[in-house]
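**Q** Below you'll find target_8.cif; it's mmCIF, C-alpha atoms.
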```
data_my_file
#
loop_
_atom_site.label_atom_id
_atom_site.label_comp_id
_atom_site.auth_asym_id
_atom_site.auth_seq_id
_atom_site.Cartn_x
_atom_site.Cartn_y
_atom_site.Cartn_z
CA MET A 69 130.59 -8.76 -43.72
CA ARG A 70 127.56 -9.20 -41.51
CA GLU A 71 128.41 -8.88 -37.84
CA VAL A 72 125.81 -9.51 -35.17
CA VAL A 73 126.59 -8.14 -31.72
CA GLU A 74 124.92 -9.80 -28.75
CA GLU A 75 125.25 -9.03 -25.06
CA ASN A 76 128.79 -10.28 -24.61
CA GLY A 77 129.40 -11.95 -27.94
CA LYS A 78 129.56 -11.45 -31.66
CA ILE A 79 128.76 -13.50 -34.72
CA LEU A 80 130.42 -12.99 -38.10
CA ARG A 81 129.16 -14.15 -41.47
CA GLY A 82 131.00 -13.28 -44.66
CA TYR A 83 134.24 -13.85 -46.56
CA GLY A 84 133.35 -17.57 -46.77
CA LEU A 85 133.63 -17.71 -42.99
CA GLU A 86 131.47 -17.98 -39.97
CA GLY A 87 132.83 -16.69 -36.70
CA SER A 88 131.47 -16.78 -33.19
CA GLY A 89 133.02 -15.38 -30.05
CA CYS A 90 132.23 -14.36 -26.54
CA SER A 91 133.95 -12.78 -23.57
CA LEU A 92 133.03 -13.67 -20.01
CA PRO A 93 134.60 -11.24 -17.52
CA ALA A 94 135.58 -12.64 -14.10
CA GLY A 95 134.65 -9.34 -12.42
CA GLN A 96 132.52 -6.41 -13.50
CA GLU A 97 135.04 -5.14 -16.05
CA GLY A 98 137.47 -7.27 -17.95
CA GLY A 99 140.72 -6.73 -19.82
CA ASP A 100 139.98 -9.25 -22.59
CA PHE A 101 138.70 -8.33 -26.02
CA PHE A 102 138.04 -9.79 -29.46
CA GLU A 103 137.08 -8.18 -32.74
CA PHE A 104 136.11 -9.02 -36.31
CA ILE A 105 137.38 -6.16 -38.48
CA SER A 106 136.64 -5.78 -42.19
CA CYS A 107 139.77 -4.87 -44.09
CA ASN A 108 138.67 -4.76 -47.72
CA GLU A 109 136.23 -6.63 -49.94
CA GLY A 110 138.25 -9.81 -49.73
CA SER A 111 139.69 -10.04 -46.25
CA VAL A 112 138.81 -9.78 -42.59
CA PHE A 113 140.87 -9.53 -39.41
CA ILE A 114 140.08 -11.60 -36.34
CA VAL A 115 141.77 -10.25 -33.21
CA ILE A 116 141.86 -11.51 -29.63
CA GLY A 117 143.69 -9.78 -26.78
CA ASP A 118 144.15 -9.53 -23.06
CA VAL A 119 145.36 -6.42 -21.26
CA MET A 120 147.24 -6.91 -17.99
CA GLY A 121 145.40 -6.41 -14.72
CA LYS A 122 141.80 -6.00 -13.73
CA GLY A 123 139.13 -3.41 -13.14
CA PHE A 124 138.73 0.06 -14.55
CA GLN A 125 142.36 0.64 -15.59
CA ALA A 126 142.60 -2.64 -17.53
CA ALA A 127 139.22 -1.99 -19.18
CA ARG A 128 140.33 1.52 -20.20
CA GLN A 129 143.63 0.28 -21.62
CA MET A 130 141.83 -2.54 -23.40
CA GLU A 131 139.52 -0.04 -25.09
CA ALA A 132 142.52 2.08 -26.17
CA ILE A 133 144.27 -0.98 -27.65
CA ARG A 134 141.07 -2.06 -29.40
CA GLN A 135 140.77 1.34 -31.10
CA LEU A 136 144.44 1.37 -31.95
CA VAL A 137 144.22 -2.03 -33.67
CA ARG A 138 141.56 -0.62 -36.00
CA GLU A 139 143.68 2.46 -36.66
CA CYS A 140 146.80 0.38 -37.39
CA ILE A 141 144.86 -1.84 -39.82
CA ARG A 142 143.58 1.27 -41.57
CA ILE A 143 147.11 2.71 -41.97
CA ASN A 144 148.74 -0.50 -43.25
CA PRO A 145 146.80 -3.78 -43.25
CA HIS A 146 149.83 -6.06 -43.48
CA PRO A 147 149.38 -8.19 -40.32
CA LEU A 148 153.00 -7.99 -39.16
CA GLU A 149 153.03 -4.22 -39.72
CA VAL A 150 149.80 -3.91 -37.73
CA VAL A 151 151.43 -5.55 -34.70
CA ARG A 152 154.70 -3.64 -35.10
CA ARG A 153 152.85 -0.33 -35.30
CA LEU A 154 150.59 -1.26 -32.40
CA ASN A 155 153.64 -2.04 -30.28
CA LYS A 156 155.20 1.32 -31.18
CA LEU A 157 152.05 3.42 -30.62
CA GLY A 158 150.37 1.56 -27.77
CA GLY A 159 153.39 -0.12 -26.21
CA TYR A 160 154.91 3.07 -24.82
CA GLU A 161 151.75 3.97 -22.90
CA LEU A 162 151.43 0.43 -21.55
CA ARG A 163 155.08 0.34 -20.49
CA LYS A 164 154.74 3.68 -18.67
CA CYS A 165 152.07 2.05 -16.47
CA GLY A 166 154.14 -1.13 -16.02
CA SER A 167 151.50 -2.90 -18.10
CA PHE A 168 151.38 -5.03 -21.25
CA ALA A 169 148.85 -6.67 -23.55
CA THR A 170 148.88 -10.05 -25.24
CA LEU A 171 147.35 -10.27 -28.68
CA CYS A 172 146.86 -12.72 -31.52
CA LEU A 173 145.94 -11.30 -34.88
CA LEU A 174 144.60 -13.35 -37.79
CA CYS A 175 143.91 -12.07 -41.28
CA TYR A 176 141.77 -14.28 -43.53
CA ASP A 177 141.68 -13.75 -47.27
CA GLY A 178 138.31 -15.11 -48.42
CA ILE A 179 139.43 -15.17 -52.07
CA THR A 180 142.49 -17.38 -51.67
CA GLY A 181 141.69 -19.06 -48.31
CA ARG A 182 144.99 -17.79 -46.90
CA LEU A 183 145.15 -17.23 -43.16
CA THR A 184 147.98 -15.09 -41.79
CA CYS A 185 148.78 -15.23 -38.08
CA VAL A 186 150.88 -12.87 -35.96
CA ASN A 187 151.26 -13.48 -32.25
CA ALA A 188 152.29 -11.13 -29.44
CA GLY A 189 152.54 -13.06 -26.20
CA HIS A 190 149.22 -14.82 -26.63
CA HIS A 191 148.33 -18.51 -26.56
CA PRO A 192 148.64 -19.62 -30.21
CA PRO A 193 145.46 -20.62 -32.09
CA LEU A 194 144.33 -24.23 -32.52
CA LEU A 195 143.65 -25.39 -36.06
CA LEU A 196 141.06 -28.15 -36.63
CA SER A 197 141.38 -29.79 -40.03
CA ASN A 198 140.05 -33.22 -41.05
CA GLY A 199 139.50 -34.20 -37.42
CA GLN A 200 143.07 -33.36 -36.43
CA VAL A 201 144.02 -30.53 -34.09
CA ARG A 202 147.33 -28.76 -34.24
CA VAL A 203 148.75 -25.79 -32.40
CA VAL A 204 149.91 -23.00 -34.71
CA GLN A 205 153.62 -22.51 -34.02
CA CYS A 206 153.66 -18.74 -33.92
CA TRP A 207 155.18 -16.77 -31.05
CA GLY A 208 156.01 -13.19 -30.16
CA VAL A 209 156.65 -10.94 -27.17
CA ALA A 210 153.57 -9.23 -25.69
CA ILE A 211 152.72 -5.65 -26.71
CA GLY A 212 154.48 -3.08 -24.52
CA LEU A 213 157.21 -5.28 -23.10
CA LEU A 214 159.88 -4.21 -25.61
CA GLU A 215 160.34 -1.10 -27.73
CA ASP A 216 160.39 -3.18 -30.91
CA TYR A 217 158.14 -6.14 -31.54
CA LEU A 218 160.05 -9.43 -31.41
CA GLY A 219 158.50 -12.64 -32.72
CA SER A 220 158.47 -15.42 -35.29
CA GLY A 221 156.87 -13.13 -37.89
CA ALA A 222 153.73 -13.71 -39.93
CA GLU A 223 152.83 -17.40 -40.35
CA GLU A 224 150.62 -18.34 -43.32
CA PHE A 225 148.27 -21.29 -43.88
CA PHE A 226 145.72 -22.16 -46.52
CA LEU A 227 142.39 -23.24 -45.08
CA ALA A 228 140.00 -25.62 -46.80
CA ASP A 229 136.22 -25.80 -46.53
CA GLY A 230 135.30 -27.13 -43.06
CA ASP A 231 138.59 -26.14 -41.38
CA ALA A 232 138.18 -24.26 -38.10
CA VAL A 233 140.42 -22.06 -35.95
CA VAL A 234 140.02 -21.60 -32.19
CA LEU A 235 141.37 -18.55 -30.36
CA TYR A 236 141.22 -18.17 -26.58
CA THR A 237 142.63 -16.21 -23.67
CA ASP A 238 144.60 -17.67 -20.76
CA GLY A 239 141.52 -17.50 -18.51
CA LEU A 240 140.19 -20.54 -20.36
CA VAL A 241 143.19 -22.87 -20.10
CA GLU A 242 144.05 -21.66 -16.58
CA ALA A 243 140.49 -22.11 -15.30
CA CYS A 244 140.51 -24.17 -12.10
CA GLY A 245 138.36 -27.14 -11.26
CA PRO A 246 138.09 -28.92 -7.92
CA GLY A 247 141.49 -29.69 -6.40
CA GLU A 248 143.17 -26.72 -8.15
CA GLN A 249 143.45 -28.70 -11.38
CA ARG A 250 143.76 -26.50 -14.47
CA TYR A 251 141.61 -26.94 -17.58
CA GLY A 252 144.72 -26.90 -19.74
CA GLN A 253 145.49 -26.91 -23.44
CA GLU A 254 145.39 -30.73 -23.75
CA ARG A 255 141.76 -30.89 -22.61
CA LEU A 256 140.88 -28.01 -24.91
CA LYS A 257 142.50 -29.83 -27.85
CA ARG A 258 140.52 -33.00 -27.06
CA VAL A 259 137.24 -31.07 -26.96
CA VAL A 260 138.06 -29.19 -30.17
CA ARG A 261 138.85 -32.49 -31.93
CA LEU A 262 135.35 -33.75 -31.04
CA GLN A 263 133.80 -30.71 -32.77
CA ASN A 264 134.74 -31.84 -36.26
CA GLY A 265 131.74 -31.03 -38.49
CA ALA A 266 130.01 -28.67 -36.05
CA ASP A 267 129.37 -25.03 -36.97
CA ALA A 268 131.30 -22.20 -35.28
CA GLU A 269 128.53 -21.23 -32.85
CA CYS A 270 127.98 -24.83 -31.82
CA MET A 271 131.74 -25.40 -31.35
CA LYS A 272 131.94 -22.36 -29.11
CA GLU A 273 128.95 -23.46 -27.02
CA ASN A 274 130.28 -27.02 -26.67
CA ILE A 275 133.70 -25.82 -25.52
CA LEU A 276 132.10 -23.48 -22.96
CA ALA A 277 129.83 -26.30 -21.77
CA ASP A 278 132.88 -28.53 -21.25
CA LEU A 279 134.57 -25.71 -19.32
CA ASP A 280 131.46 -25.46 -17.12
CA THR A 281 131.54 -29.19 -16.50
CA PHE A 282 135.21 -28.97 -15.55
CA THR A 283 134.97 -25.96 -13.22
CA ARG A 284 131.77 -27.20 -11.52
CA GLY A 285 130.63 -23.68 -10.70
CA ILE A 286 133.85 -22.63 -8.95
CA SER A 287 134.27 -18.88 -9.47
CA GLN A 288 137.28 -18.04 -11.63
CA LYS A 289 140.02 -15.45 -11.19
CA ASP A 290 140.40 -14.45 -14.83
CA ASP A 291 138.23 -13.45 -17.79
CA VAL A 292 137.48 -16.15 -20.37
CA THR A 293 137.33 -15.20 -24.04
CA LEU A 294 136.79 -17.71 -26.82
CA VAL A 295 136.52 -17.19 -30.59
CA VAL A 296 135.83 -19.87 -33.18
CA MET A 297 136.00 -19.28 -36.93
CA LYS A 298 135.14 -21.83 -39.55
CA VAL A 299 135.51 -21.89 -43.32
CA THR A 300 132.03 -22.47 -44.77
CA ARG A 301 132.69 -22.20 -48.47
CA LYS A 302 135.54 -23.22 -50.68
CA ALA A 303 138.24 -20.63 -51.07
CA GLY A 304 137.67 -18.44 -54.08
CA ASP A 305 133.87 -18.61 -53.89
CA MET A 306 133.37 -15.19 -52.44
CA GLY A 307 134.70 -12.03 -50.88
CA GLY A 308 133.07 -9.98 -48.12
CA ASP A 309 129.32 -9.47 -48.03
CA MET B 213 151.23 -14.82 -0.22
CA GLU B 214 154.23 -15.17 2.08
CA ILE B 215 157.62 -13.59 1.48
CA ARG B 216 160.80 -14.62 3.27
CA VAL B 217 163.80 -12.36 2.91
CA ARG B 218 167.40 -13.53 3.25
CA GLN B 219 170.22 -11.02 2.98
CA GLU B 220 173.86 -11.87 2.59
CA LYS B 221 176.82 -9.79 1.57
CA GLY B 222 175.87 -7.96 -1.66
CA MET B 223 172.94 -10.25 -2.37
CA ALA B 224 169.35 -10.72 -1.21
CA SER B 225 166.88 -13.52 -1.81
CA LEU B 226 163.10 -13.25 -1.62
CA GLU B 227 161.28 -16.57 -1.33
CA VAL B 228 157.70 -16.17 -2.48
CA GLU B 229 154.98 -18.65 -1.53
CA GLY B 230 151.28 -18.86 -2.40
CA GLU B 231 149.55 -16.69 -4.98
CA LEU B 232 150.86 -13.49 -6.52
CA ASP B 233 148.09 -11.47 -8.13
CA PHE B 234 146.44 -8.08 -8.51
CA SER B 235 145.49 -7.98 -4.81
CA ASN B 236 148.99 -8.37 -3.34
CA VAL B 237 151.43 -7.45 -6.11
CA GLU B 238 152.38 -4.15 -4.43
CA LEU B 239 153.56 -5.99 -1.33
CA LEU B 240 156.23 -7.90 -3.26
CA GLN B 241 157.09 -4.78 -5.28
CA ARG B 242 157.77 -2.84 -2.06
CA GLU B 243 159.95 -5.66 -0.74
CA ILE B 244 162.01 -5.72 -3.93
CA GLN B 245 162.35 -1.92 -3.97
CA ARG B 246 163.50 -1.61 -0.37
CA LEU B 247 166.46 -3.97 -0.84
CA PRO B 248 169.76 -2.17 -1.44
CA GLU B 249 171.76 -5.20 -2.62
CA GLU B 250 173.29 -5.22 -6.08
CA VAL B 251 171.81 -8.65 -6.84
CA VAL B 252 168.30 -9.59 -5.78
CA GLU B 253 166.89 -13.06 -6.41
CA VAL B 254 163.18 -13.71 -6.45
CA ASP B 255 162.72 -17.41 -5.70
CA LEU B 256 159.36 -18.62 -7.01
CA GLN B 257 159.62 -22.30 -6.02
CA GLY B 258 156.70 -22.00 -3.59
CA LEU B 259 154.51 -19.99 -5.95
CA GLN B 260 151.24 -21.65 -6.92
CA PHE B 261 149.73 -18.91 -9.09
CA ILE B 262 150.79 -15.68 -10.75
CA ASP B 263 148.52 -13.38 -12.77
CA SER B 264 149.48 -10.82 -15.39
CA SER B 265 149.82 -8.07 -12.74
CA GLY B 266 152.54 -10.12 -11.05
CA VAL B 267 154.31 -10.78 -14.35
CA GLY B 268 154.17 -7.09 -15.30
CA MET B 269 155.55 -6.02 -11.93
CA LEU B 270 158.50 -8.46 -12.11
CA LEU B 271 159.41 -7.24 -15.60
CA SER B 272 159.09 -3.57 -14.57
CA GLN B 273 161.36 -4.17 -11.61
CA ALA B 274 163.85 -6.07 -13.80
CA ARG B 275 163.88 -3.07 -16.18
CA ILE B 276 164.54 -0.66 -13.29
CA PHE B 277 167.32 -2.88 -11.92
CA TYR B 278 169.09 -3.14 -15.28
CA LYS B 279 168.89 0.64 -15.69
CA GLN B 280 170.54 0.98 -12.27
CA GLY B 281 173.26 -1.48 -13.24
CA ARG B 282 171.93 -4.03 -10.76
CA THR B 283 170.51 -7.51 -11.34
CA LEU B 284 167.09 -8.92 -10.56
CA ARG B 285 167.04 -12.69 -11.03
CA ILE B 286 163.85 -14.70 -11.18
CA VAL B 287 164.78 -18.24 -10.14
CA ARG B 288 163.30 -21.69 -9.44
CA ILE B 289 160.12 -21.12 -11.41
CA PRO B 290 157.57 -23.97 -11.15
CA SER B 291 157.04 -25.72 -14.51
CA HIS B 292 153.37 -24.75 -14.95
CA ILE B 293 154.25 -21.09 -14.35
CA GLN B 294 157.31 -21.35 -16.61
CA GLU B 295 155.06 -22.36 -19.52
CA ASP B 296 152.76 -19.34 -19.02
CA LEU B 297 155.75 -16.99 -18.83
CA GLU B 298 157.19 -18.44 -22.05
CA VAL B 299 153.95 -17.67 -23.94
CA ILE B 300 154.12 -13.99 -22.96
CA GLY B 301 157.78 -13.73 -23.99
CA PHE B 302 158.98 -13.13 -20.41
CA PHE B 303 162.41 -14.74 -20.86
CA ARG B 304 163.05 -13.05 -24.21
CA VAL B 305 162.42 -9.69 -22.52
CA LEU B 306 164.92 -10.52 -19.76
CA GLU B 307 167.50 -11.51 -22.42
CA VAL B 308 166.98 -8.23 -24.28
CA LEU B 309 167.21 -6.22 -21.04
CA GLU B 310 170.50 -7.91 -20.19
CA THR B 311 171.99 -7.04 -23.57
CA LYS B 312 170.45 -3.54 -23.76
CA PRO B 313 170.37 -2.01 -20.26
CA ASN B 314 168.38 1.01 -21.50
CA ALA B 315 165.62 -1.01 -23.21
#
```
Would you mind writing the file out in structure tokens?
**A**
Amino acid sequence: MREVVEENGKILRGYGLEGSGCSLPAGQEGGDFFEFISCNEGSVFIVIGDVMGKGFQAARQMEAIRQLVRECIRINPHPLEVVRRLNKLGGYELRKCGSFATLCLLCYDGITGRLTCVNAGHHPPLLLSNGQVRVVQCWGVAIGLLEDYLGSGAEEFFLADGDAVVLYTDGLVEACGPGEQRYGQERLKRVVRLQNGADAECMKENILADLDTFTRGISQKDDVTLVVMKVTRKAGDMGGD
Amino acid sequence: MEIRVRQEKGMASLEVEGELDFSNVELLQREIQRLPEEVVEVDLQGLQFIDSSGVGMLLSQARIFYKQGRTLRIVRIPSHIQEDLEVIGFFRVLEVLETKPNA
């Protein structure tokens, strides 16, 4: 995997995928995060999360959860087990502070093209395939809210060359424009549909540009994090770089 | 944010209006905590915005109430807020708390 880290974003190339993401904090320190994590030669994890609250405490808890995700993947890389373990290990600390974290975890197998999704209280990903957008029907309770993780389990899909997946935090769909209108999932779906054929970086930039157009410079209350991943080669062509 | 408190025999209702977020969440928490009634309703009909700090506080208070054998009800939730709470798993947590008071 080749991962390029920019100021507030990252680019991934490898596993027959290209990924591009960025996180725009509303204040000085945010509670959002995203990661591309190599698992083995054939598969990679894509994780997006949002820790409750703002400021130093949220940023500190976010960093702890980010480290814990890596540790849980190292112990047992089965996506559902990663989230269950994360809820056990990190959930107690979050609950003690009256806090919680939402998280969506994807695991892409570059050999077979299989994408596994586990959700913990996060907005589900959007899947763009052949010009059609659908919302992945995968739900779960946020990390730290219950002792045991509760959700729909691990959902699996097979992605074809050109298919793309969009992950985002609530700061994007709840962004306000003039008149307190919210950006909303329907507008996001429309913009994503128009990106058919574009590369991951371009998709990300176009979605952010549309968000800018919508908000017209109004300052936002919440962090915005957006990750786009796109299959660039046919499944089976390659593993990780 | 504005909070109106109504107390009747054995029950209290807090009507919350405006925006509940990181900056004012402690105010509502203190109001909930100072009420001695066995059943406390938090009426969100006038709420325009809630952030994750507000959601976390309501669930923490619900957990404390259930442990005390009392009931915290979150009622009349505006539809746009209802959708956000469903994503997080808010209502599933309340269901679990009701069936397992020590959760």
**Q** Could you tell me which of A:Ser167, A:Ser106, A:Asn155, A:Gln288 comes closest to Gln129 (chain A) if we count all atoms listed in the file?
**A** A:Ser167
**Q** Evaluate the PyMOL selection byres ((chain B) within 6 of (chain A)) against this structure - the residues, as a list in words, please.
**A**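 On this input, the PyMOL selection byres ((chain B) within 6 of (chain A)) captures Ser264, Ser265, Gly268, Ser272, Val299, Ile300 and Gly301 of chain B.
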**Q** Report the centre and edge lengths, in Å to one decimal, of an axis-aligned box enclosing every atom of region 242-259 of chain B listed in the file, padded by 8 Å on each side, as lines of an AutoDock Vina configuration file.
**A**
```
center_x = 163.9
center_y = -12.0
center_z = -3.7
size_x = 34.8
size_y = 36.7
size_z = 22.6
```
**Q** Give me the result of the PyMOL selection byres ((chain B and resi 258) around 8) on this file, residue by residue, as a PDB file with C-alpha atoms, in the coordinates of the input.
**A**
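File written: part_17.pdb
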```pdb
ATOM      1  CA  GLU B 227     161.280 -16.570  -1.330  1.00  0.00           C
ATOM      2  CA  VAL B 228     157.700 -16.170  -2.480  1.00  0.00           C
ATOM      3  CA  GLU B 229     154.980 -18.650  -1.530  1.00  0.00           C
ATOM      4  CA  GLY B 230     151.280 -18.860  -2.400  1.00  0.00           C
ATOM      5  CA  ASP B 255     162.720 -17.410  -5.700  1.00  0.00           C
ATOM      6  CA  LEU B 256     159.360 -18.620  -7.010  1.00  0.00           C
ATOM      7  CA  GLN B 257     159.620 -22.300  -6.020  1.00  0.00           C
ATOM      8  CA  LEU B 259     154.510 -19.990  -5.950  1.00  0.00           C
ATOM      9  CA  GLN B 260     151.240 -21.650  -6.920  1.00  0.00           C
ATOM     10  CA  PRO B 290     157.570 -23.970 -11.150  1.00  0.00           C
TER      11      PRO B 290
END
```
**Q** Point out the residue among B:Val287, B:Leu306, B:Ile276, B:Val217 with the least atom-to-atom distance to Glu243 (chain B), counting only C-alpha atoms.
**A** B:Val217
**Q** Assuming the chain letters and numbering stay as they are in my file, what does the PyMOL selection byres ((chain B and resi 244) around 12) actually select? List them as a tab-separated table (two decimals) with C-alpha atoms, keeping the file's coordinate frame.
**A**
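Contents of the output file expr_18.tsv:
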```tsv
chain	number	residue	atom	x	y	z
B	215	ILE	CA	157.62	-13.59	1.48
B	216	ARG	CA	160.80	-14.62	3.27
B	217	VAL	CA	163.80	-12.36	2.91
B	218	ARG	CA	167.40	-13.53	3.25
B	219	GLN	CA	170.22	-11.02	2.98
B	223	MET	CA	172.94	-10.25	-2.37
B	224	ALA	CA	169.35	-10.72	-1.21
B	225	SER	CA	166.88	-13.52	-1.81
B	226	LEU	CA	163.10	-13.25	-1.62
B	227	GLU	CA	161.28	-16.57	-1.33
B	228	VAL	CA	157.70	-16.17	-2.48
B	237	VAL	CA	151.43	-7.45	-6.11
B	238	GLU	CA	152.38	-4.15	-4.43
B	239	LEU	CA	153.56	-5.99	-1.33
B	240	LEU	CA	156.23	-7.90	-3.26
B	241	GLN	CA	157.09	-4.78	-5.28
B	242	ARG	CA	157.77	-2.84	-2.06
B	243	GLU	CA	159.95	-5.66	-0.74
B	245	GLN	CA	162.35	-1.92	-3.97
B	246	ARG	CA	163.50	-1.61	-0.37
B	247	LEU	CA	166.46	-3.97	-0.84
B	248	PRO	CA	169.76	-2.17	-1.44
B	249	GLU	CA	171.76	-5.20	-2.62
B	250	GLU	CA	173.29	-5.22	-6.08
B	251	VAL	CA	171.81	-8.65	-6.84
B	252	VAL	CA	168.30	-9.59	-5.78
B	253	GLU	CA	166.89	-13.06	-6.41
B	254	VAL	CA	163.18	-13.71	-6.45
B	255	ASP	CA	162.72	-17.41	-5.70
B	269	MET	CA	155.55	-6.02	-11.93
B	270	LEU	CA	158.50	-8.46	-12.11
B	272	SER	CA	159.09	-3.57	-14.57
B	273	GLN	CA	161.36	-4.17	-11.61
B	274	ALA	CA	163.85	-6.07	-13.80
B	276	ILE	CA	164.54	-0.66	-13.29
B	277	PHE	CA	167.32	-2.88	-11.92
B	283	THR	CA	170.51	-7.51	-11.34
B	284	LEU	CA	167.09	-8.92	-10.56
B	285	ARG	CA	167.04	-12.69	-11.03
B	286	ILE	CA	163.85	-14.70	-11.18
```
**Q** Quick one, how far is CA of Arg81 (chain A) from CA of Gly221 (chain A)?
**A**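 CA of Gly221 (chain A) lies at a distance of 28.0 Å from CA of Arg81 (chain A).
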**Q** Have a look at CA of Pro193 (chain A) and CA of Thr237 (chain A) and let me know their distance in Å, one decimal.
**A**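 Interatomic distance, CA of Pro193 (chain A) to CA of Thr237 (chain A): 9.9 Å.
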**Q** Which is closest to Lys312 (chain B) among B:Ile289, B:Tyr278, B:Glu298, B:Glu231, if we use only C-alpha atoms?
**A** B:Tyr278
**Q** Can you measure CA of Gly212 (chain A) to CA of Cys172 (chain A) for me? One decimal in Å is fine.
**A**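 So the two atoms, CA of Gly212 (chain A) and CA of Cys172 (chain A), lie 14.1 Å apart.
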**Q** With distances taken over only C-alpha atoms, which of A:Asp100, A:Glu273, A:Glu149, A:Glu71 is nearest to Asp291 (chain A)?
**A** A:Asp100
**Q** Would you kindly return, as a list of chain:residue names, each protein, DNA or RNA residue with an atom no farther than 6 Å from any atom of region 134-140 of chain A, considering all atoms listed in the file and excluding same-chain residues fewer than 3 positions away?
**A**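 Returned residues: A:Glu131, A:Ile143, A:Val150.
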